[in-house]
Structures are given as C-alpha cells and as structure tokens.
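Next comes structure11.txt, with compact mmCIF, C-alpha atoms and all ligand atoms.
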```txt
# COMPACT_ATOMS: atom_id res chain seq x y z
CA MET M 860 -48.81 -3.40 15.30
CA SER M 861 -49.13 -4.28 11.65
CA LEU M 862 -45.69 -3.11 10.63
CA GLU M 863 -44.35 -4.58 7.43
CA PRO M 864 -42.45 -7.85 7.94
CA VAL M 865 -38.67 -7.63 8.27
CA GLU M 866 -36.91 -8.78 5.12
CA LEU M 867 -34.10 -10.95 6.46
CA TYR M 868 -32.92 -11.96 2.98
CA ARG M 869 -33.89 -11.41 -0.63
CA ASP M 870 -32.57 -12.37 -4.03
CA LYS M 871 -34.47 -12.77 -7.27
CA ARG M 872 -36.11 -16.07 -6.36
CA HIS M 873 -35.55 -16.54 -2.64
CA ILE M 874 -36.92 -14.42 0.22
CA CYS M 875 -36.92 -14.81 4.02
CA LEU M 876 -39.40 -12.71 5.98
CA MET M 877 -39.87 -12.30 9.70
CA PHE M 878 -43.22 -11.21 11.13
CA SER M 879 -42.40 -9.96 14.61
CA ASP M 880 -45.29 -7.90 15.82
CA LEU M 881 -48.54 -9.64 14.98
CA ILE M 882 -49.65 -9.53 18.60
CA GLU M 883 -50.83 -6.54 20.68
CA GLU M 884 -47.83 -5.16 22.56
CA ASP M 885 -49.69 -4.90 25.85
CA GLY M 886 -51.34 -8.32 25.47
CA ALA M 887 -50.89 -11.28 27.79
CA ALA M 888 -49.26 -13.43 25.10
CA VAL M 889 -45.49 -13.54 24.71
CA GLN M 890 -44.06 -11.75 21.68
CA ALA M 891 -43.33 -14.27 18.93
CA ASN M 892 -41.75 -14.24 15.47
CA GLN M 893 -43.18 -16.14 12.54
CA PHE M 894 -41.28 -16.77 9.32
CA LEU M 895 -42.04 -17.10 5.65
CA ILE M 896 -39.48 -18.54 3.26
CA VAL M 897 -40.35 -17.98 -0.37
CA ASP M 898 -38.56 -19.92 -3.11
CA GLY M 899 -39.87 -19.13 -6.58
CA ASP M 900 -43.60 -19.70 -6.62
CA THR M 901 -43.77 -21.74 -3.43
CA GLY M 902 -42.72 -21.46 0.16
CA ALA M 903 -42.84 -22.60 3.76
CA ILE M 904 -44.09 -21.04 6.94
CA LEU M 905 -41.78 -21.72 9.89
CA ASP M 906 -43.32 -21.82 13.37
CA PRO M 907 -46.67 -20.36 12.24
CA GLY M 908 -47.67 -19.41 15.78
CA GLY M 909 -50.96 -19.14 17.53
CA ASN M 910 -54.32 -17.91 16.32
CA LEU M 911 -53.27 -14.34 17.13
CA ALA M 912 -50.81 -14.39 14.25
CA PHE M 913 -52.82 -16.24 11.62
CA ASN M 914 -54.60 -13.47 9.73
CA GLU M 915 -51.69 -11.15 9.08
CA LEU M 916 -49.29 -13.96 8.31
CA PHE M 917 -51.76 -15.47 5.87
CA MET M 918 -52.31 -12.09 4.16
CA GLY M 919 -48.56 -11.46 4.08
CA MET M 920 -47.99 -14.80 2.38
CA THR M 921 -50.54 -14.15 -0.39
CA LYS M 922 -48.39 -11.24 -1.64
CA TYR M 923 -45.87 -13.83 -2.84
CA PHE M 924 -47.88 -16.86 -3.98
CA PRO M 925 -51.43 -18.21 -3.75
CA PRO M 926 -52.20 -20.09 -0.50
CA SER M 927 -52.64 -23.30 -2.52
CA ARG M 928 -48.91 -23.10 -3.37
CA LEU M 929 -47.72 -23.21 0.24
CA SER M 930 -45.63 -26.38 0.54
CA TYR M 931 -45.10 -26.72 4.28
CA LEU M 932 -45.85 -25.59 7.75
CA VAL M 933 -42.65 -26.43 9.55
CA ALA M 934 -42.85 -26.64 13.33
CA SER M 935 -39.75 -26.64 15.54
CA HIS M 936 -41.79 -28.29 18.29
CA ALA M 937 -45.41 -28.55 19.39
CA ASP M 938 -45.93 -25.63 21.79
CA PRO M 939 -49.05 -23.43 21.50
CA ASP M 940 -47.02 -20.42 20.32
CA ILE M 941 -45.70 -22.65 17.52
CA ILE M 942 -48.74 -24.41 16.07
CA ALA M 943 -51.96 -23.48 17.88
CA SER M 944 -53.14 -22.03 14.55
CA LEU M 945 -52.69 -25.39 12.81
CA ASP M 946 -56.39 -25.95 12.19
CA ARG M 947 -56.74 -22.70 10.26
CA TRP M 948 -53.63 -23.37 8.16
CA MET M 949 -54.78 -26.89 7.35
CA THR M 950 -58.16 -25.51 6.30
CA SER M 951 -56.88 -22.57 4.23
CA THR M 952 -53.95 -24.23 2.43
CA LYS M 953 -52.84 -27.61 1.10
CA ALA M 954 -49.57 -27.45 3.01
CA GLN M 955 -48.08 -30.43 4.78
CA LEU M 956 -47.14 -30.21 8.43
CA VAL M 957 -43.47 -31.02 9.09
CA ILE M 958 -42.82 -31.87 12.72
CA SER M 959 -40.81 -34.23 14.92
CA ARG M 960 -41.93 -37.83 14.73
CA ILE M 961 -42.48 -37.80 18.46
CA TRP M 962 -45.11 -35.02 18.11
CA GLU M 963 -46.65 -36.36 14.90
CA ARG M 964 -49.57 -38.01 16.67
CA PHE M 965 -50.07 -35.16 19.15
CA ALA M 966 -50.43 -32.37 16.57
CA PRO M 967 -53.86 -33.60 15.35
CA HIS M 968 -55.24 -32.49 18.74
CA PHE M 969 -54.88 -28.91 17.50
CA THR M 970 -57.26 -29.52 14.58
CA LYS M 971 -60.72 -30.76 13.79
CA VAL M 972 -60.97 -34.48 13.06
CA GLY M 973 -59.33 -35.59 9.82
CA LYS M 974 -57.64 -32.27 8.94
CA THR M 975 -54.15 -33.70 9.24
CA GLU M 976 -54.84 -36.99 7.49
CA ASN M 977 -52.01 -37.83 5.07
CA ARG M 978 -50.62 -34.33 5.56
CA VAL M 979 -48.06 -34.82 8.34
CA ILE M 980 -44.37 -35.46 7.64
CA GLY M 981 -42.81 -36.91 10.79
CA VAL M 982 -39.11 -36.00 11.03
CA PRO M 983 -36.87 -38.68 12.59
CA ASP M 984 -34.56 -37.71 15.45
CA GLN M 985 -31.49 -37.47 13.20
CA GLY M 986 -33.05 -34.63 11.16
CA ALA M 987 -33.18 -34.37 7.36
CA GLN M 988 -32.95 -32.14 4.33
CA LEU M 989 -36.34 -31.06 3.05
CA PRO M 990 -36.75 -29.96 -0.59
CA LEU M 991 -38.35 -26.52 -0.90
CA GLY M 992 -38.88 -25.18 -4.43
CA GLN M 993 -35.43 -25.37 -6.06
CA SER M 994 -33.82 -25.12 -2.64
CA VAL M 995 -33.60 -27.27 0.45
CA LEU M 996 -34.25 -26.64 4.12
CA HIS M 997 -32.04 -28.39 6.66
CA LEU M 998 -33.95 -29.74 9.65
CA LEU M 999 -31.30 -29.83 12.38
CA PRO M 1000 -31.61 -31.88 15.57
CA ALA M 1001 -32.26 -29.55 18.52
CA HIS M 1002 -33.83 -31.99 20.95
CA PHE M 1003 -34.31 -30.77 24.52
CA MET M 1004 -33.88 -27.14 23.44
CA HIS M 1005 -36.34 -27.10 24.86
CA ALA M 1006 -38.82 -29.75 23.70
CA GLU M 1007 -38.01 -33.46 23.68
CA GLY M 1008 -38.49 -33.59 19.91
CA ASN M 1009 -37.14 -30.29 18.58
CA PHE M 1010 -35.68 -29.08 15.28
CA HIS M 1011 -34.01 -25.91 14.08
CA PHE M 1012 -34.03 -24.84 10.44
CA TYR M 1013 -31.04 -23.83 8.37
CA ASP M 1014 -31.55 -22.14 5.04
CA PRO M 1015 -28.31 -22.54 3.01
CA ILE M 1016 -29.22 -19.73 0.61
CA SER M 1017 -29.69 -16.96 3.18
CA LYS M 1018 -27.37 -18.71 5.68
CA ILE M 1019 -29.98 -18.08 8.34
CA LEU M 1020 -30.32 -20.50 11.23
CA PHE M 1021 -33.88 -20.37 12.56
CA SER M 1022 -33.33 -21.46 16.14
CA GLY M 1023 -36.81 -21.80 17.65
CA ASP M 1024 -36.69 -21.22 21.40
CA LEU M 1025 -32.88 -21.11 21.48
CA GLY M 1026 -31.45 -17.58 21.45
CA VAL M 1027 -34.75 -16.15 22.61
CA SER M 1028 -34.79 -12.69 24.18
CA MET M 1029 -37.65 -10.95 25.93
CA MET M 1030 -38.64 -7.68 24.27
CA SER M 1031 -41.39 -6.00 22.24
CA GLY M 1032 -42.11 -6.87 18.62
CA THR M 1033 -40.77 -3.50 17.54
CA GLU M 1034 -37.47 -4.07 19.34
CA ALA M 1035 -37.24 -7.59 17.88
CA ARG M 1036 -36.93 -6.10 14.39
CA GLU M 1037 -33.43 -4.82 15.11
CA PRO M 1038 -30.68 -7.49 14.92
CA VAL M 1039 -28.19 -7.73 17.78
CA THR M 1040 -24.53 -7.47 16.71
CA ASP M 1041 -22.99 -7.10 20.18
CA LEU M 1042 -23.87 -10.04 22.41
CA LEU M 1043 -22.67 -8.86 25.81
CA PRO M 1044 -25.38 -6.26 26.56
CA HIS M 1045 -27.96 -8.68 25.13
CA ILE M 1046 -27.23 -11.56 27.53
CA ALA M 1047 -29.36 -10.11 30.33
CA ARG M 1048 -32.43 -10.40 28.08
CA MET M 1049 -31.73 -14.07 27.27
CA GLU M 1050 -30.36 -15.47 30.49
CA GLY M 1051 -33.46 -16.09 32.65
CA PHE M 1052 -35.29 -17.80 29.82
CA HIS M 1053 -32.41 -20.09 28.88
CA ARG M 1054 -31.65 -21.07 32.47
CA ARG M 1055 -35.21 -22.35 32.94
CA TYR M 1056 -36.35 -23.50 29.49
CA MET M 1057 -33.19 -25.20 28.19
CA VAL M 1058 -32.75 -28.71 29.56
CA SER M 1059 -29.03 -29.02 30.33
CA ASN M 1060 -25.59 -27.69 29.54
CA LYS M 1061 -24.66 -31.06 28.00
CA ILE M 1062 -27.32 -30.52 25.34
CA LEU M 1063 -26.21 -26.95 24.65
CA ARG M 1064 -22.62 -28.11 24.11
CA LEU M 1065 -23.65 -30.95 21.79
CA TRP M 1066 -25.66 -28.44 19.79
CA THR M 1067 -22.92 -25.80 19.50
CA ARG M 1068 -20.50 -28.48 18.30
CA MET M 1069 -22.92 -29.23 15.46
CA ALA M 1070 -23.84 -25.60 14.74
CA ARG M 1071 -20.21 -24.44 14.50
CA GLN M 1072 -19.88 -26.59 11.35
CA LEU M 1073 -22.42 -24.42 9.54
CA ASP M 1074 -21.78 -21.12 7.77
CA VAL M 1075 -24.27 -18.93 9.64
CA ALA M 1076 -24.91 -15.26 8.84
CA MET M 1077 -27.73 -14.82 11.33
CA ILE M 1078 -29.37 -16.78 14.14
CA VAL M 1079 -33.06 -15.95 14.27
CA PRO M 1080 -35.05 -17.11 17.30
CA GLN M 1081 -38.81 -17.46 17.66
CA HIS M 1082 -39.00 -14.68 20.29
CA GLY M 1083 -36.97 -11.47 20.30
CA ALA M 1084 -34.18 -10.18 18.09
CA PRO M 1085 -31.93 -11.95 15.56
CA ILE M 1086 -28.24 -12.37 16.41
CA LYS M 1087 -26.19 -11.22 13.45
CA GLY M 1088 -22.56 -11.46 12.36
CA THR M 1089 -19.65 -13.81 13.04
CA GLN M 1090 -18.53 -12.15 16.26
CA ALA M 1091 -21.95 -12.11 17.94
CA ILE M 1092 -22.73 -15.66 16.77
CA ASN M 1093 -19.42 -17.03 18.11
CA ASP M 1094 -19.97 -15.16 21.38
CA PHE M 1095 -23.44 -16.74 21.53
CA TYR M 1096 -22.01 -20.27 21.05
CA ASN M 1097 -19.40 -19.59 23.73
CA TRP M 1098 -22.03 -18.25 26.12
CA LEU M 1099 -24.13 -21.41 25.62
CA ASP M 1100 -21.08 -23.65 26.18
CA GLY M 1101 -20.68 -22.20 29.67
CA LEU M 1102 -24.32 -21.85 30.64
CA ALA M 1103 -25.74 -23.98 33.45
CA CYS M 1104 -29.45 -24.52 32.85
CA GLY M 1105 -32.44 -26.78 33.39
CA ILE M 1106 -31.58 -29.95 35.29
CA ASP M 1107 -28.08 -28.60 36.04
CA LEU M 1108 -29.78 -26.19 38.46
CA PHE M 1109 -32.40 -28.52 39.93
CA ASP M 1110 -31.79 -30.55 43.09
CA GLU M 1111 -33.82 -31.92 46.01
CA ARG M 1112 -34.82 -28.37 47.02
CA SER M 1113 -36.83 -28.16 43.80
CA TYR M 1114 -38.87 -31.23 44.71
CA GLN M 1115 -40.40 -30.53 48.13
CA LEU M 1116 -44.07 -31.07 48.87
CA PRO M 1117 -45.68 -27.62 48.40
CA THR M 1118 -46.82 -25.51 51.34
CA GLY M 1119 -47.52 -22.15 49.64
CA ARG M 1120 -51.04 -21.27 48.59
CA ILE M 1121 -52.60 -19.69 45.54
CA ASP M 1122 -55.25 -17.03 46.18
CA PRO M 1123 -57.71 -17.50 43.30
CA VAL M 1124 -59.10 -13.96 43.69
CA SER M 1125 -55.81 -12.12 43.27
CA ARG M 1126 -54.30 -15.05 41.30
CA GLN M 1127 -51.20 -14.55 43.43
CA PHE M 1128 -49.00 -17.18 45.02
CA ARG M 1129 -48.48 -16.73 48.77
CA PRO M 1130 -45.42 -18.56 50.13
FE FE N 1 -41.43 -23.63 23.16
FE FE N 2 -41.55 -20.31 21.86
```
Render the structure in this file as structure tokens.
Ligand SMILES: [Fe+2]
Ligand SMILES: [Fe+2]
Amino acid sequence: MSLEPVELYRDKRHICLMFSDLIEEDGAAVQANQFLIVDGDTGAILDPGGNLAFNELFMGMTKYFPPSRLSYLVASHADPDIIASLDRWMTSTKAQLVISRIWERFAPHFTKVGKTENRVIGVPDQGAQLPLGQSVLHLLPAHFMHAEGNFHFYDPISKILFSGDLGVSMMSGTEAREPVTDLLPHIARMEGFHRRYMVSNKILRLWTRMARQLDVAMIVPQHGAPIKGTQAINDFYNWLDGLACGIDLFDERSYQLPTGRIDPVSRQFRP
C-alpha cells in the first residue's frame, strides 16, 4: 500500500505515472491501475477508478500541478472501477469528463445533480485526437473490448498505449509494477479474463490491425502489469488474433433456464 507511483515515462515537460496499489491487497475489490499524464502545467487522469483510489491519486496529482489545472478525466468506458469516483473529481477539480458518446448520458448517474453540466465531452465512435497541454492524446476506438462504447488512449510522446481492460492480468498491485517482457509465461494470467470479458475474436482482430499501425513502446492495461517491448507486444497482438472469446464460446448451452440455487447464508451457488 501507498508505494510511490510507477514512472512510466518522463522528460522535462511530459510525465506518465501509474498508480497500481491504491487498494488494500486483501480487499474484495479487483486490483486496478490509475494513470496521470502531466504535460507542462496541466494534465489528465486516465481511468480514475473507484472511490478507493481517489484520495491518493488526488494527492499524487497535486505534486505536479494544482487541482484547478487538471484538464480532463478520461474514461475508457463506464464501469465502476473506471469512474465510480466521478462525483469527487467533479467536485474537487474543474476537469472535463471525456467519455464515449454512448455513455455520456449515463455518467451523470455517478454524481450529484448538475455536477456534470457542460463538463462532458462525448467522443464519437470513430475516436479523436484530444489536445492536452502542448501535446495530444489519441482516443482510439476499442468498442466491445469490452464495453459497447470503449476507447483506448495512445500518448505519442511516451509511445504508451493505455489499453483499458484489454491486456489485463490478475495479480497484486505490487506485482503490477513490474512490466512483462516475455509474453508466454504471462498468458495464463490473462487468458480467463479475456475469454469471458472480450466480446469476440472478430473485434480483437479488427483492433490489432489498427494497433499494429502505431509505434508502441508499452501497452499498459487498467489491471495488472504493463507489456513492454516490441517482441512482447507483437506476441500479444498475435495471441489476440488467435483467441476465441465472448460470443465465440457461447451457444445454446449457455442459455438454459436455471436450475441451480443460491444459498444466501453461505452466498454459494449449488448446482
Ligand atoms: Fe471494464
Ligand atoms: Fe476494468
């Protein structure tokens, strides 16, 4: 807990930080990474996370610029581990929320009435380039990976691709600090998640075709460890290209009327 953020990139005006362990290791909540991109005297928080992460991320940010200078909260999609803390960010900063157009009118449910008024930038399906300080953040289409309206973020200065729930691996926050450079032994920690949370192989292949056009130094997911270096990144694209997932694996057996019971005392499912 409370380890310093991982510095993914730094030059004299541009910094990318990953906060990987803001949650109790033995807690019930899944480990999640939050990101701060600083450019000069402003910045953006990517996938700010739930309320568990708010305090330390907010304090971490104030080391670089005053909260009033935060330009954006950028959300890859609208899950609770992405923007459940939205109300507190909207209250404590003047930042605008950047989120898929299809979630634009759902996000206000995370906040008190009026907090998001004139402060939401709805991103169209085709994605966009978003000015950030003297730089620009690329909002890449990543729909159905896993949410219906989903974006990844590419920072052309650090060459980091922030990939939301794609590339996720299950591990502790401490382990997540160490980038993976050899994909093969890492696959076991990604496979179960991707098979269930990614929507279909067709989508994965459309995405890799787009992503291969980018110069990527590191792929950094919202849970687990970054994937670093050309070899590991290419192996990751190849693995996705061949991965059956989501609706590829569902058939009529998945849609039977249920007969198992849940015991509310033990909270266990009994087939
Ligand atoms: Fe998600
Ligand atoms: Fe997530």
**Prompt:** Within 10 Å of ligand FE 1 (chain N), counting all atoms listed in the file: which residues, as a PyMOL selection string?
**Reply:** chain M and resi 935-941+1004-1006+1009+1023-1025+1056-1057+1081-1082
Store the residues picked out above, limited to C-alpha atoms, as a compact mmCIF listing (two decimals), in the coordinates of the input.
```txt
# COMPACT_ATOMS: atom_id res chain seq x y z
CA SER M 935 -39.75 -26.64 15.54
CA HIS M 936 -41.79 -28.29 18.29
CA ALA M 937 -45.41 -28.55 19.39
CA ASP M 938 -45.93 -25.63 21.79
CA PRO M 939 -49.05 -23.43 21.50
CA ASP M 940 -47.02 -20.42 20.32
CA ILE M 941 -45.70 -22.65 17.52
CA MET M 1004 -33.88 -27.14 23.44
CA HIS M 1005 -36.34 -27.10 24.86
CA ALA M 1006 -38.82 -29.75 23.70
CA ASN M 1009 -37.14 -30.29 18.58
CA GLY M 1023 -36.81 -21.80 17.65
CA ASP M 1024 -36.69 -21.22 21.40
CA LEU M 1025 -32.88 -21.11 21.48
CA TYR M 1056 -36.35 -23.50 29.49
CA MET M 1057 -33.19 -25.20 28.19
CA GLN M 1081 -38.81 -17.46 17.66
CA HIS M 1082 -39.00 -14.68 20.29
```
**Item:** Residue nearest Leu1108 (chain M) - candidates M:Val1058, M:Ile904, M:Leu991, M:Leu998, atoms counted: only C-alpha atoms
**Value:**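 Result for the nearest residue to Leu1108 (chain M): M:Val1058.
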**Message:** Set the distance at 7 Å and use all atoms listed in the file: which residues neighbour Pro907 (chain M) once local chain neighbours fewer than 6 positions away are removed? I'd like the list as a ChimeraX atom specification.
**Reply:** /M:893,932,941-942
**Request:** Quick one: everything within 6 Å of Leu867 (chain M), counting all atoms listed in the file, minus sequence neighbours fewer than 2 positions away in the same chain. Send it as a PyMOL selection string.
**Result:** chain M and resi 865+875-876
**Request:** Show which residues sit within 7 Å of His873 (chain M), as an MDAnalysis selection string. Count only C-alpha atoms, and ignore same-chain residues fewer than 4 positions away.
**Result:** chainID M and resid 869 897:899
**Request:** For Ala1070 (chain M), please output as a list in words all residues within 12 Å (counting all atoms listed in the file; exclusion window: fewer than 6 positions along the same chain).
**Result:**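 Skipping anything fewer than 6 positions along the chain leaves His997, Leu999, Pro1000, Ala1001, His1011, Phe1012, Tyr1013, Lys1018, Ile1019, Leu1020, Phe1021, Ser1022, Leu1063, Arg1064, Ala1076, Met1077, Ile1078, Ile1092, Asn1093, Phe1095, Tyr1096, Asn1097, Leu1099 and Asp1100 of chain M.
Between ligand FE 2 (chain N) and the candidates M:Gly1008, M:Pro1117, M:Pro1080, M:Gly1088, the tightest atom-to-atom separation, counting all atoms listed in the file, involves M:Pro1080.
Distances to Thr950 (chain M) were evaluated for M:Ser1028, M:Ser994, M:Ser927, M:Gln985 using all atoms listed in the file, and the minimum falls at M:Ser927.
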**Message:** So that I can check the surroundings of Leu996 (chain M), please list as a PyMOL selection string every protein, DNA and RNA residue that reaches within 6 Å of it, counting all atoms listed in the file and ignoring chain neighbours fewer than 4 positions away.
**Reply:** chain M and resi 988-989+1014
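Between CA of Gln1090 (chain M) and CA of Met1049 (chain M) lies a distance of 17.3 Å.
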Would you fill the gaps in region 898-918 of chain M so it has N, CA and C atoms, then print it as a short mmCIF file (atom, residue, chain, number, x, y, z; two decimals), keeping the file's coordinate frame?
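File produced: rebuild14.cif:
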```cif
data_model
loop_
_atom_site.label_atom_id
_atom_site.label_comp_id
_atom_site.auth_asym_id
_atom_site.auth_seq_id
_atom_site.Cartn_x
_atom_site.Cartn_y
_atom_site.Cartn_z
N ASP M 898 -39.53 -19.50 -2.10
CA ASP M 898 -38.56 -19.92 -3.11
C ASP M 898 -39.32 -20.07 -4.42
N GLY M 899 -39.11 -19.12 -5.33
CA GLY M 899 -39.87 -19.13 -6.58
C GLY M 899 -41.34 -18.92 -6.31
N ASP M 900 -42.15 -19.87 -6.78
CA ASP M 900 -43.60 -19.70 -6.62
C ASP M 900 -44.17 -20.58 -5.50
N THR M 901 -43.28 -20.97 -4.57
CA THR M 901 -43.77 -21.74 -3.43
C THR M 901 -43.08 -21.24 -2.17
N GLY M 902 -43.37 -21.91 -1.06
CA GLY M 902 -42.72 -21.46 0.16
C GLY M 902 -43.11 -22.32 1.35
N ALA M 903 -42.56 -21.92 2.50
CA ALA M 903 -42.84 -22.60 3.76
C ALA M 903 -43.04 -21.56 4.84
N ILE M 904 -43.95 -21.85 5.73
CA ILE M 904 -44.09 -21.04 6.94
C ILE M 904 -43.38 -21.80 8.05
N LEU M 905 -42.48 -21.10 8.76
CA LEU M 905 -41.78 -21.72 9.89
C LEU M 905 -42.42 -21.23 11.19
N ASP M 906 -42.72 -22.15 12.07
CA ASP M 906 -43.32 -21.82 13.37
C ASP M 906 -44.46 -20.81 13.21
N PRO M 907 -45.58 -21.27 12.61
CA PRO M 907 -46.67 -20.36 12.24
C PRO M 907 -47.30 -19.62 13.42
N GLY M 908 -47.18 -20.14 14.62
CA GLY M 908 -47.67 -19.41 15.78
C GLY M 908 -49.09 -19.74 16.15
N GLY M 909 -49.62 -18.93 17.03
CA GLY M 909 -50.96 -19.14 17.53
C GLY M 909 -51.99 -18.47 16.65
N ASN M 910 -53.23 -18.51 17.10
CA ASN M 910 -54.32 -17.91 16.32
C ASN M 910 -54.17 -16.41 16.18
N LEU M 911 -53.48 -15.79 17.16
CA LEU M 911 -53.27 -14.34 17.13
C LEU M 911 -52.55 -13.92 15.86
N ALA M 912 -51.68 -14.77 15.37
CA ALA M 912 -50.81 -14.39 14.25
C ALA M 912 -51.37 -14.78 12.89
N PHE M 913 -52.40 -15.62 12.87
CA PHE M 913 -52.82 -16.24 11.62
C PHE M 913 -53.17 -15.24 10.51
N ASN M 914 -54.06 -14.31 10.80
CA ASN M 914 -54.60 -13.47 9.73
C ASN M 914 -53.54 -12.68 8.98
N GLU M 915 -52.68 -12.00 9.74
CA GLU M 915 -51.69 -11.15 9.08
C GLU M 915 -50.63 -11.98 8.36
N LEU M 916 -50.29 -13.10 8.95
CA LEU M 916 -49.29 -13.96 8.31
C LEU M 916 -49.86 -14.54 7.01
N PHE M 917 -51.11 -14.93 7.06
CA PHE M 917 -51.76 -15.47 5.87
C PHE M 917 -51.82 -14.40 4.77
N MET M 918 -52.23 -13.18 5.13
CA MET M 918 -52.31 -12.09 4.16
C MET M 918 -50.93 -11.77 3.61
#
```
